[in-house]
>>> print(open('start_1.csv').read())   # CSV, C-alpha atoms
chain,number,residue,atom,x,y,z
A,1266,MET,CA,124.4,39.5,41.9
A,1267,THR,CA,126.2,36.2,41.8
A,1268,TYR,CA,129.6,35.7,40.1
A,1269,GLU,CA,127.9,33.7,37.3
A,1270,GLN,CA,125.3,36.4,36.7
A,1271,LYS,CA,128.1,39.0,36.5
A,1272,ILE,CA,130.2,37.1,34.0
A,1273,LYS,CA,127.1,36.1,32.0
A,1274,ASN,CA,126.4,39.9,31.5
A,1275,GLU,CA,130.0,40.4,30.4
A,1276,LEU,CA,129.7,37.5,28.0
A,1277,ASP,CA,126.5,38.8,26.5
A,1278,PHE,CA,128.1,42.2,25.9
A,1279,TRP,CA,131.1,40.5,24.3
A,1280,LYS,CA,128.9,38.5,22.0
A,1281,PHE,CA,127.0,41.7,21.0
A,1282,LYS,CA,130.3,43.4,20.1
A,1283,THR,CA,131.6,40.4,18.2
A,1284,LEU,CA,128.5,40.1,16.1
A,1285,GLN,CA,128.3,43.8,15.3
A,1286,GLN,CA,128.6,44.8,11.7
A,1287,PRO,CA,132.1,46.1,10.7
A,1288,SER,CA,132.4,49.8,11.3
A,1289,LEU,CA,133.7,52.3,8.8
A,1290,LEU,CA,136.9,52.4,10.8
A,1291,ASN,CA,137.2,48.6,10.5
A,1292,LYS,CA,136.7,48.8,6.7
A,1293,VAL,CA,139.3,51.6,6.4
A,1294,THR,CA,141.8,49.7,8.5
A,1295,ASP,CA,141.4,46.6,6.4
A,1296,LYS,CA,142.2,48.6,3.3
A,1297,VAL,CA,145.2,50.2,4.9
A,1298,GLN,CA,146.5,46.8,6.1
A,1299,LYS,CA,146.2,45.4,2.5
A,1300,LYS,CA,148.0,48.4,1.2
A,1301,ILE,CA,150.8,48.0,3.7
A,1302,ASN,CA,151.1,44.3,2.9
A,1303,SER,CA,152.0,45.1,-0.7
A,1304,TYR,CA,155.0,47.1,0.6
A,1305,ILE,CA,156.3,44.5,3.1
A,1306,PRO,CA,159.3,42.5,1.8
A,1307,ASP,CA,158.6,38.9,0.8
A,1308,LYS,CA,161.0,37.5,3.3
A,1309,VAL,CA,159.0,39.1,6.1
A,1310,HIS,CA,155.8,37.4,4.8
A,1311,ASP,CA,157.7,34.2,4.4
A,1312,ALA,CA,159.0,34.3,7.9
A,1313,ILE,CA,155.6,34.9,9.4
A,1314,THR,CA,154.0,32.2,7.3
A,1315,SER,CA,156.7,29.7,8.2
A,1316,ALA,CA,156.4,30.5,11.9
A,1317,ILE,CA,152.6,30.1,11.9
A,1318,LYS,CA,152.8,26.9,9.9
A,1319,GLN,CA,155.2,25.4,12.4
A,1320,MET,CA,153.1,26.6,15.3
A,1321,VAL,CA,150.0,25.0,13.9
A,1322,LYS,CA,151.8,21.7,13.5
A,1323,ALA,CA,153.1,21.9,17.0
A,1324,VAL,CA,149.7,22.6,18.4
A,1325,LEU,CA,148.0,19.7,16.5
A,1326,PHE,CA,150.8,17.1,16.4
A,1327,GLY,CA,153.4,18.0,19.0
A,1328,SER,CA,153.7,17.9,22.7
A,1329,THR,CA,155.3,21.3,23.3
A,1330,PHE,CA,152.3,22.8,24.8
A,1331,THR,CA,150.8,19.8,26.6
A,1332,THR,CA,152.5,20.1,30.0
A,1333,SER,CA,149.4,21.3,31.9
A,1334,LYS,CA,147.0,18.8,33.3
A,1335,PRO,CA,143.2,19.6,33.6
A,1336,VAL,CA,142.4,21.4,36.9
A,1337,THR,CA,139.7,19.8,38.9
A,1338,ASP,CA,137.6,20.6,42.1
A,1339,LEU,CA,137.7,24.4,41.7
A,1340,THR,CA,134.8,26.8,41.5
A,1341,LEU,CA,134.4,28.8,38.3
A,1342,MET,CA,135.4,32.0,40.3
A,1343,HIS,CA,138.6,30.4,41.5
A,1344,ARG,CA,139.5,29.1,38.1
A,1345,GLU,CA,139.1,32.5,36.6
A,1346,ALA,CA,141.1,34.2,39.3
A,1347,LEU,CA,144.0,31.8,38.5
A,1348,ILE,CA,143.5,32.5,34.7
A,1349,LYS,CA,143.6,36.3,35.2
A,1350,GLN,CA,146.9,35.9,37.1
A,1351,LYS,CA,148.3,33.7,34.3
A,1352,ILE,CA,147.3,36.3,31.6
A,1353,GLU,CA,149.0,39.1,33.6
A,1354,ASN,CA,152.2,37.0,33.8
A,1355,TYR,CA,152.1,36.2,30.1
A,1356,LYS,CA,151.5,39.9,29.2
A,1357,LYS,CA,154.6,40.9,31.1
A,1358,THR,CA,156.6,38.1,29.5
A,1359,GLY,CA,155.4,39.1,26.0
A,1360,ALA,CA,156.2,42.8,26.7
A,1361,ALA,CA,159.7,42.0,27.8
A,1362,GLU,CA,160.3,39.7,24.8
A,1363,GLY,CA,158.9,42.4,22.4
A,1364,GLY,CA,161.1,45.1,24.0
A,1365,ILE,CA,164.2,43.0,23.6
A,1366,THR,CA,163.6,42.0,20.0
A,1367,GLY,CA,162.3,45.5,19.1
A,1368,ALA,CA,165.6,47.0,20.3
A,1369,GLY,CA,167.5,44.6,18.1
A,1370,GLY,CA,166.3,46.0,14.8
A,1371,PHE,CA,165.0,44.3,11.7
A,1372,LEU,CA,166.4,40.8,12.1
A,1373,MET,CA,165.6,40.5,15.8
A,1374,SER,CA,162.1,41.7,15.1
A,1375,LEU,CA,161.7,38.8,12.6
A,1376,ALA,CA,162.6,36.5,15.5
A,1377,ASP,CA,159.8,38.0,17.5
A,1378,PHE,CA,157.1,36.4,15.5
A,1379,PRO,CA,157.8,32.7,16.4
A,1380,LEU,CA,158.7,33.7,20.0
A,1381,LEU,CA,155.4,35.6,20.5
A,1382,LEU,CA,153.4,32.8,18.9
A,1383,GLY,CA,154.9,30.4,21.3
A,1384,ILE,CA,154.0,32.6,24.3
A,1385,LYS,CA,150.4,33.0,23.1
A,1386,MET,CA,149.8,29.3,22.5
A,1387,LYS,CA,151.4,28.3,25.8
A,1388,MET,CA,149.0,30.7,27.5
A,1389,LEU,CA,146.0,29.2,25.7
A,1390,PHE,CA,146.9,25.7,26.7
A,1391,ASP,CA,147.3,26.8,30.3
A,1392,ILE,CA,143.9,28.6,30.2
A,1393,ALA,CA,142.2,25.5,28.8
A,1394,ALA,CA,143.7,23.3,31.5
A,1395,ILE,CA,142.6,25.6,34.3
A,1396,TYR,CA,139.1,25.5,32.9
A,1397,GLY,CA,139.3,21.7,33.2
A,1398,TYR,CA,139.8,20.7,29.6
A,1399,ASP,CA,142.3,18.0,28.5
A,1400,VAL,CA,144.5,19.6,25.9
A,1401,LYS,CA,145.7,16.1,24.8
A,1402,ASP,CA,142.3,15.8,23.1
A,1403,TYR,CA,142.5,16.8,19.4
A,1404,ARG,CA,139.2,18.5,19.7
A,1405,GLU,CA,140.4,20.8,22.5
A,1406,ARG,CA,143.5,21.7,20.4
A,1407,LEU,CA,141.2,22.6,17.5
A,1408,TYR,CA,139.1,24.8,19.8
A,1409,ILE,CA,142.3,26.6,20.9
A,1410,LEU,CA,143.1,27.3,17.3
A,1411,HIS,CA,139.6,28.7,16.8
A,1412,ILE,CA,140.1,31.0,19.8
A,1413,PHE,CA,143.3,32.2,18.2
A,1414,GLN,CA,141.4,32.9,14.9
A,1415,LEU,CA,138.6,34.6,16.7
A,1416,ALA,CA,141.0,37.0,18.4
A,1417,PHE,CA,143.2,37.8,15.4
A,1418,SER,CA,140.9,37.9,12.4
A,1419,SER,CA,139.0,40.5,10.5
A,1420,LYS,CA,135.5,41.4,11.7
A,1421,GLU,CA,133.9,39.3,9.0
A,1422,GLU,CA,136.2,36.2,9.5
A,1423,SER,CA,135.9,36.4,13.3
A,1424,GLN,CA,132.1,36.2,13.0
A,1425,HIS,CA,132.5,33.2,10.8
A,1426,VAL,CA,134.7,31.5,13.4
A,1427,PHE,CA,132.4,32.5,16.2
A,1428,SER,CA,129.5,30.7,14.5
A,1429,LYS,CA,131.5,27.5,14.3
A,1430,MET,CA,132.3,27.8,18.1
A,1431,LEU,CA,128.7,28.0,19.2
A,1432,ALA,CA,127.4,24.7,20.7
A,1433,TRP,CA,130.9,23.3,20.3
A,1434,ASP,CA,130.5,20.4,22.7
A,1435,GLU,CA,127.2,19.3,21.2
A,1436,GLN,CA,128.8,19.2,17.8
A,1437,ALA,CA,132.3,17.8,18.7
A,1438,HIS,CA,131.5,14.4,17.3
A,1439,LEU,CA,131.1,16.0,13.9
A,1440,LEU,CA,134.6,17.5,13.8
A,1441,PRO,CA,136.9,16.2,11.0
A,1442,THR,CA,139.1,13.4,12.1
A,1443,ASN,CA,141.7,14.4,9.5
A,1444,ILE,CA,143.8,17.3,10.9
A,1445,ASP,CA,144.9,18.3,7.4
A,1446,GLU,CA,141.3,19.6,6.9
A,1447,PHE,CA,142.1,22.6,9.2
A,1448,ASP,CA,142.3,25.7,7.1
A,1449,TRP,CA,145.8,26.9,8.2
A,1450,LEU,CA,146.2,29.1,5.1
A,1451,THR,CA,143.3,31.4,6.1
A,1452,PHE,CA,144.5,31.2,9.7
A,1453,GLN,CA,148.0,32.6,8.9
A,1454,GLN,CA,146.7,35.2,6.5
A,1455,GLN,CA,144.2,36.6,8.9
A,1456,TYR,CA,146.8,36.7,11.8
A,1457,ARG,CA,149.4,38.2,9.6
A,1458,ASP,CA,147.0,40.9,8.4
A,1459,TYR,CA,145.8,41.6,11.9
A,1460,ILE,CA,149.3,42.2,13.4
A,1461,ASP,CA,151.0,44.0,10.5
A,1462,LEU,CA,150.0,47.5,11.6
A,1463,ALA,CA,150.9,46.9,15.2
A,1464,LYS,CA,154.2,45.0,14.6
A,1465,LEU,CA,155.6,46.8,11.6
A,1466,ALA,CA,156.7,49.8,13.7
A,1467,GLN,CA,158.7,47.4,15.9
A,1468,MET,CA,161.2,47.2,13.1
A,1469,LEU,CA,161.9,50.9,13.1
A,1470,PRO,CA,165.0,52.2,14.8
A,1471,PHE,CA,164.9,54.1,18.1
A,1472,VAL,CA,161.2,53.3,18.8
A,1473,GLY,CA,161.2,49.6,18.1
A,1474,ALA,CA,161.7,48.5,21.7
A,1475,ALA,CA,158.8,50.6,23.1
A,1476,VAL,CA,156.5,49.6,20.2
A,1477,GLY,CA,157.4,45.9,20.6
A,1478,ALA,CA,156.7,45.9,24.3
A,1479,ILE,CA,153.4,47.7,24.0
A,1480,ALA,CA,152.2,45.7,21.0
A,1481,ASN,CA,153.0,42.3,22.5
A,1482,TYR,CA,151.3,43.4,25.8
A,1483,LYS,CA,148.1,44.4,24.0
A,1484,LEU,CA,148.0,41.4,21.7
A,1485,ILE,CA,148.3,38.9,24.6
A,1486,GLU,CA,145.8,40.9,26.6
A,1487,LYS,CA,143.3,40.6,23.7
A,1488,LEU,CA,143.9,36.9,23.3
A,1489,GLY,CA,143.5,36.3,27.0
A,1490,LYS,CA,140.2,38.0,27.1
A,1491,THR,CA,139.0,36.2,24.0
A,1492,ALA,CA,140.0,32.9,25.5
A,1493,MET,CA,138.1,33.6,28.7
A,1494,MET,CA,134.9,34.6,26.8
A,1495,SER,CA,135.2,31.5,24.6
A,1496,TYR,CA,135.4,29.2,27.6
A,1497,ARG,CA,132.6,31.0,29.4
A,1498,MET,CA,130.5,30.5,26.3
A,1499,ARG,CA,131.1,26.8,26.5
A,1500,TYR,CA,130.4,26.8,30.3
A,1501,PHE,CA,127.0,28.4,29.9
A,1502,SER,CA,126.1,26.3,26.9
A,1503,LEU,CA,126.8,23.1,28.9
A,1504,GLN,CA,124.8,24.5,31.9
A,1505,TYR,CA,121.9,25.1,29.6
A,1506,ALA,CA,122.2,21.6,28.1
A,1507,ILE,CA,122.2,20.1,31.6
A,1508,SER,CA,119.3,22.2,32.7
A,1509,SER,CA,117.2,21.2,29.6
A,1510,SER,CA,118.0,17.5,30.1
A,1511,GLU,CA,116.9,17.6,33.8
A,1512,LYS,CA,113.7,19.4,32.8
A,1513,THR,CA,113.0,16.7,30.2
A,1514,GLU,CA,113.6,13.9,32.6
A,1515,ASN,CA,111.3,15.5,35.2
A,1516,ARG,CA,108.6,16.0,32.6
A,1517,LYS,CA,108.9,12.3,31.7
A,1518,LEU,CA,108.6,11.2,35.3
A,1519,LYS,CA,105.5,13.3,35.8
A,1520,THR,CA,103.8,12.1,32.7
A,1521,GLY,CA,105.0,8.5,33.0
A,1522,ASN,CA,106.4,8.7,29.4
>>> encode(input="start_1.csv", output="structure tokens")
Amino acid sequence: MTYEQKIKNELDFWKFKTLQQPSLLNKVTDKVQKKINSYIPDKVHDAITSAIKQMVKAVLFGSTFTTSKPVTDLTLMHREALIKQKIENYKKTGAAEGGITGAGGFLMSLADFPLLLGIKMKMLFDIAAIYGYDVKDYRERLYILHIFQLAFSSKEESQHVFSKMLAWDEQAHLLPTNIDEFDWLTFQQQYRDYIDLAKLAQMLPFVGAAVGAIANYKLIEKLGKTAMMSYRMRYFSLQYAISSSEKTENRKLKTGN
């Protein structure tokens, strides 16, 4: 089995899991999250919303995350070896940051949200560059935000995002030119709801440091895997498009049309 065949099987399984209907556990978890949200102080919600809003602006308008240049002349296997190493490094960085802020109590845990967001987005920009994409392109930044949504949304919302990511390159010219059309409100609500259960315990005394480290490690791990699968999806979609184009050209040559 070739490397491409191996990761194609992994991708197919990931797609199957992504498109599965929400389980009873998913539905119960969603209800619990909504209940917990009603008990969280407004200043916590405000802090998360503000951090996410600033992060979205930085991704779309700023240059904070655009340090990596597209990597060229590497095989897919070598690219993914580099990416896996990057993800491991970011997981360790996130765990250390979560442990430190978790040990600091409530106020320090509030500071964890923007710090963790920055770590996650920097990782996504690095992954995009290693796969060979130019993150200076607005469409690539938008794809990165879709990856983020796909990783940290409810089952129903993630399936909606997934459908928009299919055949991305073929439909890139249809993307809105106005960045303000990006639905950042849904973006922040879904992310906030997703991480509340994992991160709320980080604010508790005595256990906050351990919870913060583990939660950050797992959240970054999930985002890294989602990013790899998302770019694999684009890779195989482009391969299929190239193959179909070559077959069409060959057919025209044979028929003289």
>>> closest_atom_pairs(input="start_1.csv", of="stretch 1478-1510 of chain A", to="stretch 1426-1435 of chain A", cutoff="10 Å", atoms="only C-alpha atoms", output="CSV")
residue,atom,partner,partner_atom,distance
A:Ser1495,CA,A:Met1430,CA,8.0
A:Met1498,CA,A:Leu1431,CA,7.7
A:Arg1499,CA,A:Trp1433,CA,7.1
A:Tyr1500,CA,A:Asp1434,CA,9.9
A:Phe1501,CA,A:Ala1432,CA,9.9
A:Ser1502,CA,A:Ala1432,CA,6.5
A:Leu1503,CA,A:Asp1434,CA,7.7
A:Ala1506,CA,A:Glu1435,CA,8.8
>>> closest_residue(input="start_1.csv", among="A:Glu1421, A:Glu1345, A:Asp1311, A:Asp1402", to="A:Gly1489", atoms="all atoms listed in the file")
A:Glu1345
>>> residues_near_point(input="start_1.csv", point="(122.2, 28.3, 35.8)", cutoff="9 Å", atoms="all atoms listed in the file", output="count of residues only")
6
>>> closest_residue(input="start_1.csv", among="A:His1411, A:Lys1357, A:Lys1271, A:His1425", to="A:Val1321", atoms="all atoms listed in the file")
A:His1411
>>> atom_distance(input="start_1.csv", atom1="atom CA of A:Lys1490", atom2="atom CA of A:Ile1352")
8.6 Å
>>> residues_around(input="start_1.csv", residues="A:Met1494", least_positions_apart="6", cutoff="9 Å", atoms="only C-alpha atoms", output="ChimeraX atom specification")
/A:1272,1275-1276,1279-1280
>>> residues_around(input="start_1.csv", residues="A:Thr1337", least_positions_apart="6", cutoff="9 Å", atoms="all atoms listed in the file", output="number ranges by chain")
A: 1395-1397
>>> closest_residue(input="start_1.csv", among="A:Asp1399, A:Glu1353, A:Glu1422, A:Asp1338", to="A:Leu1284", atoms="all atoms listed in the file")
A:Glu1422
